[in-house]
Amino acid sequence: MALYLFALMLNVFVPQPFEQRVFFIMYISLTETAMILKTRTIYRHFDTIWSLYETTLGPSFQPRDEFERELQNRTLQVFNRWYYVYIFVSHMAAFGTGSHLLSSEYRMPFFPWFFGVRYGDDARVAYYTIFAYQCFGMYFHMLLNTAGDTQLCYMLQMIGIQLDLLAKRFRSLSSSEEFDRSFVPLVQHYNKIHRMLCRVENLFSLAYFVQFSVSGLVICASAYQVASMLNLNDFSKLMNVFYMMSMTMQIGLPCYYGNEVTLKSYALTNAIYSSNWYAMKHSNRKSVQMFLVRTNKPFAATAFRYFNFNLPAFTTILNMAYSVYCVLQRKAKNV
């Protein structure tokens, strides 16, 4: 993989048409950079991620009754559907590179130069060997990328589920006796969820800061490729369509699940206020008031304290990509 990435970076400096340099090499290099950071994060902090997984499977995160179990299972089923769609689109983007074999031009799927090795009609073995190597490298890159994205999305989803369960438990408080028995453990569980969110944010902050920074350019480059070079007889262009969809989901899913965490933390405040607090003794009402002050500040995950994991950040990135795309299209028409 290191050799693959090194060869990919060297191709930026190989003499070639400007369009191929920018739209075939540069934006792939940007996604490789984000992938390296995500993979490095998971590798270096594997024990921490393992601990977070154990937390999500621990007794404190388990549903207490049939209603909570059904709520958790229903939410995870939706998560699994989105995961399979993401995996399918990513595989189609990776497998689309094989369509270059249908061409008689002996084109490589990603980068044309490979340490000066000659390939073509008179060197078919070298061509197919390098072709297979590049396809494997990009497929492995896809697996690492989707694996890293899945870790973050799963953690955010589990935090959102716990906020749902916590809201249900706060809402069911109906008497002072039940309050005295349950309020402190519920607040402790709230603190545990918040600590988990902070750990997840610290783990993935830098990697997704880079991911969000380059995603707009990558989506723009893919869209420009699709719009300017679409040819129904060239199946390799379908790879750009799936690649653009994959990159959109790569930033869309974390933003969606981060947005859900924020919305559910807002809903938790309403759930606490919806409990039977007004029928409890004065000390309990005071505790509820103090806790409401704390929950007024919602949970919000950020990437390097710059990008928020929410839907407005996602739409901002798409708007930026569309703006750059329009500029490129206008310049292309004037040429």
# chains A, B, ... in the order shown; residues from 1 in each chain; ligands from 1
call {"tool": "residues_around", "arguments": {"residues": "Ser265 of chain A", "least_positions_apart": "3", "cutoff": "7 Å", "atoms": "only C-alpha atoms", "output": "PyMOL selection string"}}
result
chain A and resi 163+261-262+268-269+298-299
call {"tool": "write_last_selection", "arguments": {"atoms": "C-alpha atoms", "output": "PDB file, in the first residue's frame"}}
result
ATOM      1  CA  LEU A 163     -30.096   9.708  24.318  1.00  0.00           C
ATOM      2  CA  VAL A 261     -27.080  13.418  18.250  1.00  0.00           C
ATOM      3  CA  THR A 262     -27.632  17.181  18.500  1.00  0.00           C
ATOM      4  CA  LEU A 268     -33.772  15.134  26.052  1.00  0.00           C
ATOM      5  CA  THR A 269     -34.349  18.571  27.586  1.00  0.00           C
ATOM      6  CA  PRO A 298     -26.790  20.372  23.327  1.00  0.00           C
ATOM      7  CA  PHE A 299     -24.286  17.699  22.356  1.00  0.00           C
TER       8      PHE A 299
END
call {"tool": "select_by_dssp", "arguments": {"residues": "segment 58-265 of chain A", "states": "alpha helix (DSSP H)", "output": "PyMOL selection string"}}
result
chain A and resi 66-95+124-171+176-229+236-265
call {"tool": "atom_distance", "arguments": {"atom1": "atom CA of Leu166 of chain A", "atom2": "atom CA of Leu71 of chain A"}}
result
12.0 Å
call {"tool": "residues_around", "arguments": {"residues": "Gly137 of chain A", "least_positions_apart": "4", "cutoff": "7 Å", "atoms": "only C-alpha atoms", "output": "tab-separated table (two decimals) with all heavy atoms, in the first residue's frame"}}
result
chain	number	residue	atom	x	y	z
A	1	MET	N	0.83	-1.20	0.00
A	1	MET	CA	0.00	0.00	0.00
A	1	MET	C	0.86	1.25	0.00
A	1	MET	O	0.54	2.24	-0.66
A	1	MET	CB	-0.92	-0.02	1.24
A	1	MET	CG	-2.09	0.93	1.15
A	1	MET	SD	-3.20	0.51	-0.20
A	1	MET	CE	-4.31	1.90	-0.17
A	4	TYR	N	2.05	1.77	-3.44
A	4	TYR	CA	0.93	2.26	-4.27
A	4	TYR	C	0.74	3.76	-4.07
A	4	TYR	O	0.61	4.52	-5.04
A	4	TYR	CB	-0.33	1.49	-3.87
A	4	TYR	CG	-1.59	2.01	-4.49
A	4	TYR	CD1	-1.97	1.64	-5.78
A	4	TYR	CD2	-2.44	2.88	-3.80
A	4	TYR	CE1	-3.13	2.13	-6.36
A	4	TYR	CE2	-3.60	3.37	-4.36
A	4	TYR	CZ	-3.94	2.98	-5.64
A	4	TYR	OH	-5.09	3.46	-6.20
A	133	TYR	N	-2.60	-4.59	-10.02
A	133	TYR	CA	-2.04	-4.00	-8.81
A	133	TYR	C	-2.77	-2.70	-8.45
A	133	TYR	O	-3.10	-2.46	-7.28
A	133	TYR	CB	-0.55	-3.74	-9.01
A	133	TYR	CG	0.10	-3.04	-7.85
A	133	TYR	CD1	0.42	-3.74	-6.69
A	133	TYR	CD2	0.41	-1.68	-7.91
A	133	TYR	CE1	1.02	-3.11	-5.61
A	133	TYR	CE2	1.01	-1.05	-6.84
A	133	TYR	CZ	1.32	-1.76	-5.69
A	133	TYR	OH	1.90	-1.13	-4.64
A	141	HIS	N	-7.95	0.55	-0.58
A	141	HIS	CA	-8.21	1.91	-0.11
A	141	HIS	C	-9.67	2.09	0.20
A	141	HIS	O	-10.05	2.70	1.22
A	141	HIS	CB	-7.76	2.91	-1.19
A	141	HIS	CG	-8.48	4.22	-1.15
A	141	HIS	ND1	-9.36	4.60	-2.13
A	141	HIS	CD2	-8.47	5.22	-0.25
A	141	HIS	CE1	-9.87	5.79	-1.83
A	141	HIS	NE2	-9.35	6.18	-0.72
call {"tool": "closest_atom_pairs", "arguments": {"of": "segment 235-308 of chain A", "to": "segment 185-204 of chain A", "cutoff": "8 Å", "atoms": "only C-alpha atoms", "output": "CSV"}}
result
residue,atom,partner,partner_atom,distance
A:Phe299,CA,A:His194,CA,7.5
A:Ala301,CA,A:Glu201,CA,6.0
A:Thr302,CA,A:Glu201,CA,6.5
A:Ala303,CA,A:Glu201,CA,7.1
